[in-house]
Amino acid sequence: QYLPGMAGGANNANGPDADSLVNPLDFIMMLEGTIAFRSSASRRFESLESSRAATPFAVNACGAAYPSASTDDEGARGEQWMPLWSRPSTYKELRYLLAEGRAQISSKAVREPLDLARAVKRLGTARGIRSFQRYGYIERNGQSNLAVPLGRFDVANQDSDYMACIDDLDLWLRHLRKEARDKNAPARLRQVEKSLVDALFTVTAGHSQDPDCWQGVLSQLAEIEAIMRQGTGHEAQPVPLLRPKWVVASNDKTREFRLALAFALQGGGCEKSGIPGDPIRRHWLPLDQKQRRFATSGNGLDMQPEVVMHGRRGLDDAIALVQRRLVEASQHGGRHLPLNAARQASASIADLTALLTGGVDLDRTLVLARAFMALDHKAWAAWSKKHTMEQPHDSEWPDDPWLAIRLCTLPWPLRMKSGFELDIGADPALVRRLATGDATTAFVIASRRLRAAGVRCTIRSGAAPPETARLWAAALAFPITETTAKRFLSHLDPSKERPCPLI
């Protein structure tokens, strides 16, 4: 129906009826334009698509990315995006555009509004179109099907550097949508799927250079996995591997971001290629041996004892990771804490100092870290050889008692230029004491082991409130480089930096 709100008749005014306000010339132009939108029976571009009436720039409906969005709006009539341009066009050119009008990403035909938005932003158009007006054929005013405007998307003049990141989620989003639209799906899964699409639309609509918007997408990915690990929608599988450009796109240069990246990319021993082996994602999600899909048992997930992070408090998850890694190390006869930093992804002294003094939002850090756990480690190893992550300057240092504790929980022996070698096995009792809030006893254990190894620690006692002691334990979950560890040792015992005199 053309402009039903201005058509007049019953219930169109305060009185019983109203006069029509439609401009007759506009109505004639509408009829002229309607003829150009001729549908044709065609098989869409992929062989798996069903035959249907195809009209230009028509996609499935999506109840997201507009103020009144609801899954109830996702009817069979779908959406249509109308092209707008700023230069004059002949009627012949218009008919040709509408006859051939289509949108593709790579070689695939666009089927969803988000895909069409990505195509508009990434690829632009070949016909001089300036923008698209999004319309949804939605039931309003009772059961009247109206073309409701849902937003406008400007055509990109050039391809965004980061829009290709969303390609990593392309197939996974379809599986997630299928799970969320299941009649038995809980409301929370539908809501978080809608929130993810809203976040992706926000990035696509013109905020592709805003790190906060990309972090919003990452937070929604972590929230979806938190729901999946409880057994809801896990058939869609975990978030797929993400390319390193996600890190660049979401880098807001905050402490939380840098610590989240260091936490997420660490693992057990380091391979020759520089890739840490045994990533920590299996402590967050129940994964199979290849760590690409969920491990299942019967009709549910197989929650093994190694899954120790639960997503409630960042502090608790960080401590649980350290304790679990120490348990696994002892089971395999290891003496060190198997948490190695990836290249260009380690905790700096300045960030650790801020963390230990309460200047870091640990909950936000762990949310980002859970999303970054999906990063492709091989791709990161290749990317990190060509790029450098900016690190803050070290203006302040952590307290000496924590430095002593950190030197007792290194993942490798530490060899100084002076010839001194520090090789202390990690003591699980030390971490247990910190986890229970007993910093004094934990420092006594650490200082005793350092003295036995030949380190002269000038500080004799270390005390801290219980909450600070737990923060000391959580800080052990953020990996450091050998260079940082050597600076810690030189700070505690400067004599270890000087070469030993010849006898």
# chains A, B, ... in the order shown; residues from 1 in each chain; ligands from 1
>>> residues_around(residues="segment 170-180 of chain A", least_positions_apart="3", cutoff="7 Å", atoms="only C-alpha atoms", output="PDB file with N, CA and C atoms, in the first residue's frame")
ATOM      1  N   ILE A 166      35.252  -9.502   9.280  1.00  0.00           N
ATOM      2  CA  ILE A 166      33.940 -10.129   9.471  1.00  0.00           C
ATOM      3  C   ILE A 166      33.803 -11.375   8.607  1.00  0.00           C
ATOM      4  N   ASP A 167      34.613 -11.486   7.547  1.00  0.00           N
ATOM      5  CA  ASP A 167      34.572 -12.691   6.713  1.00  0.00           C
ATOM      6  C   ASP A 167      34.874 -13.942   7.527  1.00  0.00           C
ATOM      7  N   ALA A 185      14.955 -22.727  21.202  1.00  0.00           N
ATOM      8  CA  ALA A 185      16.093 -21.933  21.666  1.00  0.00           C
ATOM      9  C   ALA A 185      15.657 -21.004  22.799  1.00  0.00           C
ATOM     10  N   LEU A 189      19.769 -16.851  24.237  1.00  0.00           N
ATOM     11  CA  LEU A 189      20.550 -17.089  23.022  1.00  0.00           C
ATOM     12  C   LEU A 189      20.066 -16.178  21.904  1.00  0.00           C
ATOM     13  N   ARG A 190      18.762 -16.013  21.782  1.00  0.00           N
ATOM     14  CA  ARG A 190      18.231 -15.119  20.754  1.00  0.00           C
ATOM     15  C   ARG A 190      18.672 -13.681  21.006  1.00  0.00           C
ATOM     16  N   GLU A 193      22.424 -13.238  20.213  1.00  0.00           N
ATOM     17  CA  GLU A 193      22.651 -13.276  18.760  1.00  0.00           C
ATOM     18  C   GLU A 193      22.233 -11.953  18.131  1.00  0.00           C
ATOM     19  N   GLY A 233      22.915 -23.998  22.267  1.00  0.00           N
ATOM     20  CA  GLY A 233      23.377 -23.574  20.949  1.00  0.00           C
ATOM     21  C   GLY A 233      24.766 -24.033  20.588  1.00  0.00           C
ATOM     22  N   ALA A 236      26.354 -24.855  16.947  1.00  0.00           N
ATOM     23  CA  ALA A 236      26.972 -23.870  16.053  1.00  0.00           C
ATOM     24  C   ALA A 236      28.490 -23.882  16.149  1.00  0.00           C
TER      25      ALA A 236
END
>>> residues_around(residues="segment 276-284 of chain A", least_positions_apart="3", cutoff="7 Å", atoms="only C-alpha atoms", output="JSON, numbers by chain")
{"A": [265, 266, 267, 268, 269, 270, 271, 287, 306, 307, 308, 309, 310, 340, 342, 373]}
>>> residues_around(residues="Thr458 of chain A", least_positions_apart="2", cutoff="9 Å", atoms="only C-alpha atoms", output="compact mmCIF listing (two decimals) with N, CA and C atoms, in the first residue's frame")
# COMPACT_ATOMS: atom_id res chain seq x y z
N ARG A 456 70.42 -12.98 46.37
CA ARG A 456 70.38 -12.23 47.62
C ARG A 456 69.25 -11.20 47.54
N ARG A 460 63.08 -8.51 53.45
CA ARG A 460 63.00 -9.64 54.37
C ARG A 460 61.58 -10.12 54.63
N LEU A 492 66.09 -7.09 41.93
CA LEU A 492 66.18 -7.67 43.27
C LEU A 492 67.62 -7.88 43.71
N ASP A 493 68.48 -8.31 42.80
CA ASP A 493 69.87 -8.61 43.15
C ASP A 493 70.76 -8.08 42.03
>>> atom_distance(atom1="atom CA of Ala58 of chain A", atom2="atom CA of Leu116 of chain A")
9.3 Å
>>> closest_residue(among="A:Asp154, A:Asp317, A:Asp351, A:Asp212", to="Ile480 of chain A", atoms="only C-alpha atoms")
A:Asp351
>>> closest_atom_pairs(of="segment 212-318 of chain A", to="segment 467-473 of chain A", cutoff="10 Å", atoms="only C-alpha atoms", output="CSV")
residue,atom,partner,partner_atom,distance
A:Leu315,CA,A:Leu471,CA,7.0
A:Asp316,CA,A:Arg470,CA,8.6
A:Ala318,CA,A:Ala473,CA,8.0
>>> write_last_selection(atoms="N, CA and C atoms", output="tab-separated table (two decimals), in the first residue's frame")
chain	number	residue	atom	x	y	z
A	315	LEU	N	39.29	-12.30	38.14
A	315	LEU	CA	40.27	-12.66	39.15
A	315	LEU	C	40.28	-14.16	39.40
A	316	ASP	N	39.10	-14.74	39.56
A	316	ASP	CA	39.00	-16.18	39.83
A	316	ASP	C	39.50	-17.00	38.65
A	318	ALA	N	41.74	-16.17	36.34
A	318	ALA	CA	43.19	-16.08	36.21
A	318	ALA	C	43.89	-16.98	37.22
>>> residues_around(residues="Ala147 of chain A", least_positions_apart="2", cutoff="8 Å", atoms="only C-alpha atoms", output="PDB file with N, CA and C atoms, in the first residue's frame")
ATOM      1  N   TYR A 135      14.700  -1.029   3.667  1.00  0.00           N
ATOM      2  CA  TYR A 135      13.274  -1.165   3.956  1.00  0.00           C
ATOM      3  C   TYR A 135      12.978  -2.606   4.367  1.00  0.00           C
ATOM      4  N   GLY A 136      12.110  -2.748   5.326  1.00  0.00           N
ATOM      5  CA  GLY A 136      11.620  -4.063   5.711  1.00  0.00           C
ATOM      6  C   GLY A 136      10.129  -4.142   5.481  1.00  0.00           C
ATOM      7  N   TYR A 137       9.681  -5.247   4.900  1.00  0.00           N
ATOM      8  CA  TYR A 137       8.246  -5.455   4.684  1.00  0.00           C
ATOM      9  C   TYR A 137       7.682  -6.100   5.946  1.00  0.00           C
ATOM     10  N   ILE A 138       7.177  -5.251   6.835  1.00  0.00           N
ATOM     11  CA  ILE A 138       6.838  -5.658   8.192  1.00  0.00           C
ATOM     12  C   ILE A 138       5.369  -5.380   8.462  1.00  0.00           C
ATOM     13  N   ASN A 145       0.890  -4.969   5.871  1.00  0.00           N
ATOM     14  CA  ASN A 145       2.306  -5.125   5.540  1.00  0.00           C
ATOM     15  C   ASN A 145       2.803  -3.831   4.899  1.00  0.00           C
ATOM     16  N   PRO A 149      10.974   2.016   6.741  1.00  0.00           N
ATOM     17  CA  PRO A 149      12.397   2.384   6.616  1.00  0.00           C
ATOM     18  C   PRO A 149      13.170   1.982   7.864  1.00  0.00           C
TER      19      PRO A 149
END
>>> residues_around(residues="Gly128 of chain A", least_positions_apart="2", cutoff="12 Å", atoms="only C-alpha atoms", output="ChimeraX atom specification")
/A:83-89,93-94,97,120,124-126,130-132,154-157
>>> write_last_selection(atoms="N, CA and C atoms", output="PDB file, in the first residue's frame")
ATOM      1  N   PRO A  83      18.345   1.784  -3.934  1.00  0.00           N
ATOM      2  CA  PRO A  83      19.523   2.610  -4.233  1.00  0.00           C
ATOM      3  C   PRO A  83      19.161   4.091  -4.346  1.00  0.00           C
ATOM      4  N   LEU A  84      20.064   4.928  -3.879  1.00  0.00           N
ATOM      5  CA  LEU A  84      19.933   6.377  -3.997  1.00  0.00           C
ATOM      6  C   LEU A  84      21.196   6.908  -4.660  1.00  0.00           C
ATOM      7  N   TRP A  85      21.028   7.848  -5.578  1.00  0.00           N
ATOM      8  CA  TRP A  85      22.205   8.424  -6.215  1.00  0.00           C
ATOM      9  C   TRP A  85      22.010   9.925  -6.363  1.00  0.00           C
ATOM     10  N   SER A  86      23.110  10.641  -6.491  1.00  0.00           N
ATOM     11  CA  SER A  86      23.081  12.105  -6.465  1.00  0.00           C
ATOM     12  C   SER A  86      23.136  12.723  -7.852  1.00  0.00           C
ATOM     13  N   ARG A  87      23.362  11.926  -8.891  1.00  0.00           N
ATOM     14  CA  ARG A  87      23.457  12.468 -10.239  1.00  0.00           C
ATOM     15  C   ARG A  87      22.260  12.019 -11.066  1.00  0.00           C
ATOM     16  N   PRO A  88      21.886  12.801 -12.082  1.00  0.00           N
ATOM     17  CA  PRO A  88      20.739  12.420 -12.924  1.00  0.00           C
ATOM     18  C   PRO A  88      20.983  11.094 -13.639  1.00  0.00           C
ATOM     19  N   SER A  89      19.901  10.373 -13.889  1.00  0.00           N
ATOM     20  CA  SER A  89      19.983   9.090 -14.582  1.00  0.00           C
ATOM     21  C   SER A  89      18.816   8.984 -15.546  1.00  0.00           C
ATOM     22  N   GLU A  93      18.804   3.671 -18.094  1.00  0.00           N
ATOM     23  CA  GLU A  93      19.836   3.272 -17.134  1.00  0.00           C
ATOM     24  C   GLU A  93      19.218   2.717 -15.854  1.00  0.00           C
ATOM     25  N   LEU A  94      18.110   3.330 -15.431  1.00  0.00           N
ATOM     26  CA  LEU A  94      17.439   2.854 -14.224  1.00  0.00           C
ATOM     27  C   LEU A  94      16.906   1.441 -14.425  1.00  0.00           C
ATOM     28  N   LEU A  97      19.762  -0.993 -14.323  1.00  0.00           N
ATOM     29  CA  LEU A  97      20.261  -1.185 -12.961  1.00  0.00           C
ATOM     30  C   LEU A  97      19.357  -2.133 -12.184  1.00  0.00           C
ATOM     31  N   VAL A 120      28.116  -3.314   0.539  1.00  0.00           N
ATOM     32  CA  VAL A 120      28.020  -1.885   0.246  1.00  0.00           C
ATOM     33  C   VAL A 120      29.234  -1.140   0.792  1.00  0.00           C
ATOM     34  N   GLY A 124      31.588  -1.030  -2.508  1.00  0.00           N
ATOM     35  CA  GLY A 124      30.968   0.061  -3.229  1.00  0.00           C
ATOM     36  C   GLY A 124      30.048  -0.467  -4.314  1.00  0.00           C
ATOM     37  N   THR A 125      29.816   0.307  -5.353  1.00  0.00           N
ATOM     38  CA  THR A 125      28.978  -0.129  -6.466  1.00  0.00           C
ATOM     39  C   THR A 125      29.613   0.300  -7.773  1.00  0.00           C
ATOM     40  N   ALA A 126      29.121  -0.307  -8.825  1.00  0.00           N
ATOM     41  CA  ALA A 126      29.651  -0.008 -10.153  1.00  0.00           C
ATOM     42  C   ALA A 126      28.726   0.914 -10.932  1.00  0.00           C
ATOM     43  N   ARG A 130      25.035   6.360  -4.477  1.00  0.00           N
ATOM     44  CA  ARG A 130      25.599   7.074  -3.326  1.00  0.00           C
ATOM     45  C   ARG A 130      25.290   6.369  -2.010  1.00  0.00           C
ATOM     46  N   SER A 131      24.092   5.815  -1.867  1.00  0.00           N
ATOM     47  CA  SER A 131      23.704   5.154  -0.627  1.00  0.00           C
ATOM     48  C   SER A 131      22.521   4.235  -0.895  1.00  0.00           C
ATOM     49  N   PHE A 132      22.163   3.457   0.121  1.00  0.00           N
ATOM     50  CA  PHE A 132      21.012   2.564   0.055  1.00  0.00           C
ATOM     51  C   PHE A 132      20.095   2.850   1.240  1.00  0.00           C
ATOM     52  N   ASP A 154      25.543   4.452   3.583  1.00  0.00           N
ATOM     53  CA  ASP A 154      26.299   5.136   2.542  1.00  0.00           C
ATOM     54  C   ASP A 154      27.264   4.170   1.873  1.00  0.00           C
ATOM     55  N   VAL A 155      27.456   4.362   0.583  1.00  0.00           N
ATOM     56  CA  VAL A 155      28.401   3.545  -0.171  1.00  0.00           C
ATOM     57  C   VAL A 155      29.815   4.015   0.133  1.00  0.00           C
ATOM     58  N   ALA A 156      30.700   3.074   0.385  1.00  0.00           N
ATOM     59  CA  ALA A 156      32.084   3.419   0.719  1.00  0.00           C
ATOM     60  C   ALA A 156      32.831   3.870  -0.523  1.00  0.00           C
ATOM     61  N   ASN A 157      33.615   4.946  -0.369  1.00  0.00           N
ATOM     62  CA  ASN A 157      34.460   5.401  -1.471  1.00  0.00           C
ATOM     63  C   ASN A 157      35.659   4.491  -1.674  1.00  0.00           C
TER      64      ASN A 157
END
>>> select_by_dssp(residues="segment 118-265 of chain A", states="strand (DSSP E)", output="tab-separated table (two decimals) with N, CA and C atoms, in the first residue's frame")
chain	number	residue	atom	x	y	z
A	131	SER	N	24.09	5.82	-1.87
A	131	SER	CA	23.70	5.15	-0.63
A	131	SER	C	22.52	4.23	-0.89
A	132	PHE	N	22.16	3.46	0.12
A	132	PHE	CA	21.01	2.56	0.06
A	132	PHE	C	20.10	2.85	1.24
A	133	GLN	N	18.79	2.87	0.96
A	133	GLN	CA	17.80	2.98	2.02
A	133	GLN	C	17.26	1.58	2.30
A	134	ARG	N	17.40	1.16	3.55
A	134	ARG	CA	16.96	-0.18	3.95
A	134	ARG	C	15.47	-0.14	4.30
A	135	TYR	N	14.70	-1.03	3.67
A	135	TYR	CA	13.27	-1.16	3.96
A	135	TYR	C	12.98	-2.61	4.37
A	136	GLY	N	12.11	-2.75	5.33
A	136	GLY	CA	11.62	-4.06	5.71
A	136	GLY	C	10.13	-4.14	5.48
A	137	TYR	N	9.68	-5.25	4.90
A	137	TYR	CA	8.25	-5.45	4.68
A	137	TYR	C	7.68	-6.10	5.95
A	138	ILE	N	7.18	-5.25	6.83
A	138	ILE	CA	6.84	-5.66	8.19
A	138	ILE	C	5.37	-5.38	8.46
A	139	GLU	N	4.76	-6.23	9.27
A	139	GLU	CA	3.37	-6.03	9.68
A	139	GLU	C	3.30	-4.90	10.70
A	140	ARG	N	2.56	-3.86	10.34
A	140	ARG	CA	2.30	-2.74	11.24
A	140	ARG	C	0.82	-2.35	11.09
A	144	SER	N	-1.39	-5.04	8.49
A	144	SER	CA	-1.00	-4.37	7.25
A	144	SER	C	0.51	-4.53	7.05
A	145	ASN	N	0.89	-4.97	5.87
A	145	ASN	CA	2.31	-5.12	5.54
A	145	ASN	C	2.80	-3.83	4.90
A	146	LEU	N	3.69	-3.15	5.62
A	146	LEU	CA	4.18	-1.86	5.18
A	146	LEU	C	5.67	-1.93	4.90
A	147	ALA	N	6.11	-1.07	3.99
A	147	ALA	CA	7.55	-0.92	3.74
A	147	ALA	C	8.08	0.07	4.76
A	148	VAL	N	8.70	-0.44	5.80
A	148	VAL	CA	9.15	0.38	6.93
A	148	VAL	C	10.62	0.73	6.73
A	149	PRO	N	10.97	2.02	6.74
A	149	PRO	CA	12.40	2.38	6.62
A	149	PRO	C	13.17	1.98	7.86
A	150	LEU	N	14.30	1.30	7.66
A	150	LEU	CA	15.07	0.76	8.78
A	150	LEU	C	16.46	1.37	8.90
A	151	GLY	N	16.80	2.29	8.02
A	151	GLY	CA	18.11	2.91	8.12
A	151	GLY	C	18.71	3.14	6.75
A	152	ARG	N	19.74	3.96	6.70
A	152	ARG	CA	20.41	4.29	5.44
A	152	ARG	C	21.89	3.96	5.57
A	153	PHE	N	22.44	3.39	4.49
A	153	PHE	CA	23.84	3.00	4.46
A	153	PHE	C	24.52	3.67	3.28
A	154	ASP	N	25.54	4.45	3.58
A	154	ASP	CA	26.30	5.14	2.54
A	154	ASP	C	27.26	4.17	1.87
>>> select_by_dssp(residues="segment 223-362 of chain A", states="helix (DSSP H, G or I)", output="PyMOL selection string")
chain A and resi 223-228+234-236+245-249+255-265+280-283+314-331+349-356+362
>>> write_last_selection(atoms="C-alpha atoms", output="PDB file, in the first residue's frame")
ATOM      1  CA  GLU A 223      29.206 -13.794  25.666  1.00  0.00           C
ATOM      2  CA  ILE A 224      27.933 -16.243  23.051  1.00  0.00           C
ATOM      3  CA  GLU A 225      30.633 -18.758  23.953  1.00  0.00           C
ATOM      4  CA  ALA A 226      29.732 -18.334  27.628  1.00  0.00           C
ATOM      5  CA  ILE A 227      26.187 -19.406  26.772  1.00  0.00           C
ATOM      6  CA  MET A 228      27.329 -22.244  24.508  1.00  0.00           C
ATOM      7  CA  HIS A 234      26.665 -25.472  21.008  1.00  0.00           C
ATOM      8  CA  GLU A 235      25.810 -27.114  17.673  1.00  0.00           C
ATOM      9  CA  ALA A 236      26.972 -23.870  16.053  1.00  0.00           C
ATOM     10  CA  LYS A 245      43.798  -7.865  11.937  1.00  0.00           C
ATOM     11  CA  TRP A 246      41.146  -8.206  14.642  1.00  0.00           C
ATOM     12  CA  VAL A 247      43.871  -7.136  17.068  1.00  0.00           C
ATOM     13  CA  VAL A 248      44.727  -4.052  15.027  1.00  0.00           C
ATOM     14  CA  ALA A 249      41.073  -3.099  14.569  1.00  0.00           C
ATOM     15  CA  ARG A 255      46.221  -1.690  29.631  1.00  0.00           C
ATOM     16  CA  GLU A 256      43.224  -4.001  29.516  1.00  0.00           C
ATOM     17  CA  PHE A 257      43.693  -4.585  25.794  1.00  0.00           C
ATOM     18  CA  ARG A 258      47.408  -5.367  26.028  1.00  0.00           C
ATOM     19  CA  LEU A 259      46.979  -7.685  29.009  1.00  0.00           C
ATOM     20  CA  ALA A 260      44.041  -9.447  27.345  1.00  0.00           C
ATOM     21  CA  LEU A 261      46.144 -10.159  24.260  1.00  0.00           C
ATOM     22  CA  ALA A 262      49.033 -11.489  26.350  1.00  0.00           C
ATOM     23  CA  PHE A 263      46.688 -13.684  28.376  1.00  0.00           C
ATOM     24  CA  ALA A 264      44.880 -15.106  25.337  1.00  0.00           C
ATOM     25  CA  LEU A 265      47.878 -16.014  23.163  1.00  0.00           C
ATOM     26  CA  ILE A 280      44.907 -22.064  26.982  1.00  0.00           C
ATOM     27  CA  ARG A 281      41.541 -21.978  25.189  1.00  0.00           C
ATOM     28  CA  ARG A 282      40.823 -25.527  26.361  1.00  0.00           C
ATOM     29  CA  HIS A 283      40.634 -24.194  29.912  1.00  0.00           C
ATOM     30  CA  GLY A 314      38.293 -12.331  35.933  1.00  0.00           C
ATOM     31  CA  LEU A 315      40.275 -12.658  39.154  1.00  0.00           C
ATOM     32  CA  ASP A 316      39.004 -16.176  39.831  1.00  0.00           C
ATOM     33  CA  ASP A 317      39.595 -17.317  36.242  1.00  0.00           C
ATOM     34  CA  ALA A 318      43.195 -16.076  36.212  1.00  0.00           C
ATOM     35  CA  ILE A 319      44.001 -17.857  39.481  1.00  0.00           C
ATOM     36  CA  ALA A 320      42.279 -21.038  38.307  1.00  0.00           C
ATOM     37  CA  LEU A 321      44.392 -21.055  35.128  1.00  0.00           C
ATOM     38  CA  VAL A 322      47.662 -20.821  37.083  1.00  0.00           C
ATOM     39  CA  GLN A 323      46.643 -23.565  39.499  1.00  0.00           C
ATOM     40  CA  ARG A 324      45.478 -25.888  36.719  1.00  0.00           C
ATOM     41  CA  ARG A 325      48.680 -25.432  34.718  1.00  0.00           C
ATOM     42  CA  LEU A 326      50.754 -26.266  37.795  1.00  0.00           C
ATOM     43  CA  VAL A 327      48.700 -29.427  38.342  1.00  0.00           C
ATOM     44  CA  GLU A 328      49.220 -30.506  34.729  1.00  0.00           C
ATOM     45  CA  ALA A 329      52.938 -29.729  34.927  1.00  0.00           C
ATOM     46  CA  SER A 330      53.318 -31.953  37.997  1.00  0.00           C
ATOM     47  CA  GLN A 331      51.382 -34.734  36.274  1.00  0.00           C
ATOM     48  CA  ILE A 349      56.279  -4.025  33.583  1.00  0.00           C
ATOM     49  CA  ALA A 350      54.063  -0.924  33.454  1.00  0.00           C
ATOM     50  CA  ASP A 351      50.904  -2.935  32.800  1.00  0.00           C
ATOM     51  CA  LEU A 352      51.728  -5.450  35.527  1.00  0.00           C
ATOM     52  CA  THR A 353      52.308  -2.600  37.973  1.00  0.00           C
ATOM     53  CA  ALA A 354      48.906  -1.135  37.128  1.00  0.00           C
ATOM     54  CA  LEU A 355      47.299  -4.559  37.523  1.00  0.00           C
ATOM     55  CA  LEU A 356      48.880  -5.160  40.930  1.00  0.00           C
ATOM     56  CA  LEU A 362      40.338  -7.449  35.295  1.00  0.00           C
TER      57      LEU A 362
END
>>> closest_residue(among="A:Leu241, A:Ile405, A:Gln104, A:Gln230", to="Asp302 of chain A", atoms="only C-alpha atoms")
A:Gln230
>>> atom_distance(atom1="atom CA of Ala477 of chain A", atom2="atom CA of Leu410 of chain A")
10.8 Å
>>> closest_residue(among="A:Gly142, A:Pro244, A:Gly8, A:Gly231", to="Asp376 of chain A", atoms="only C-alpha atoms")
A:Pro244
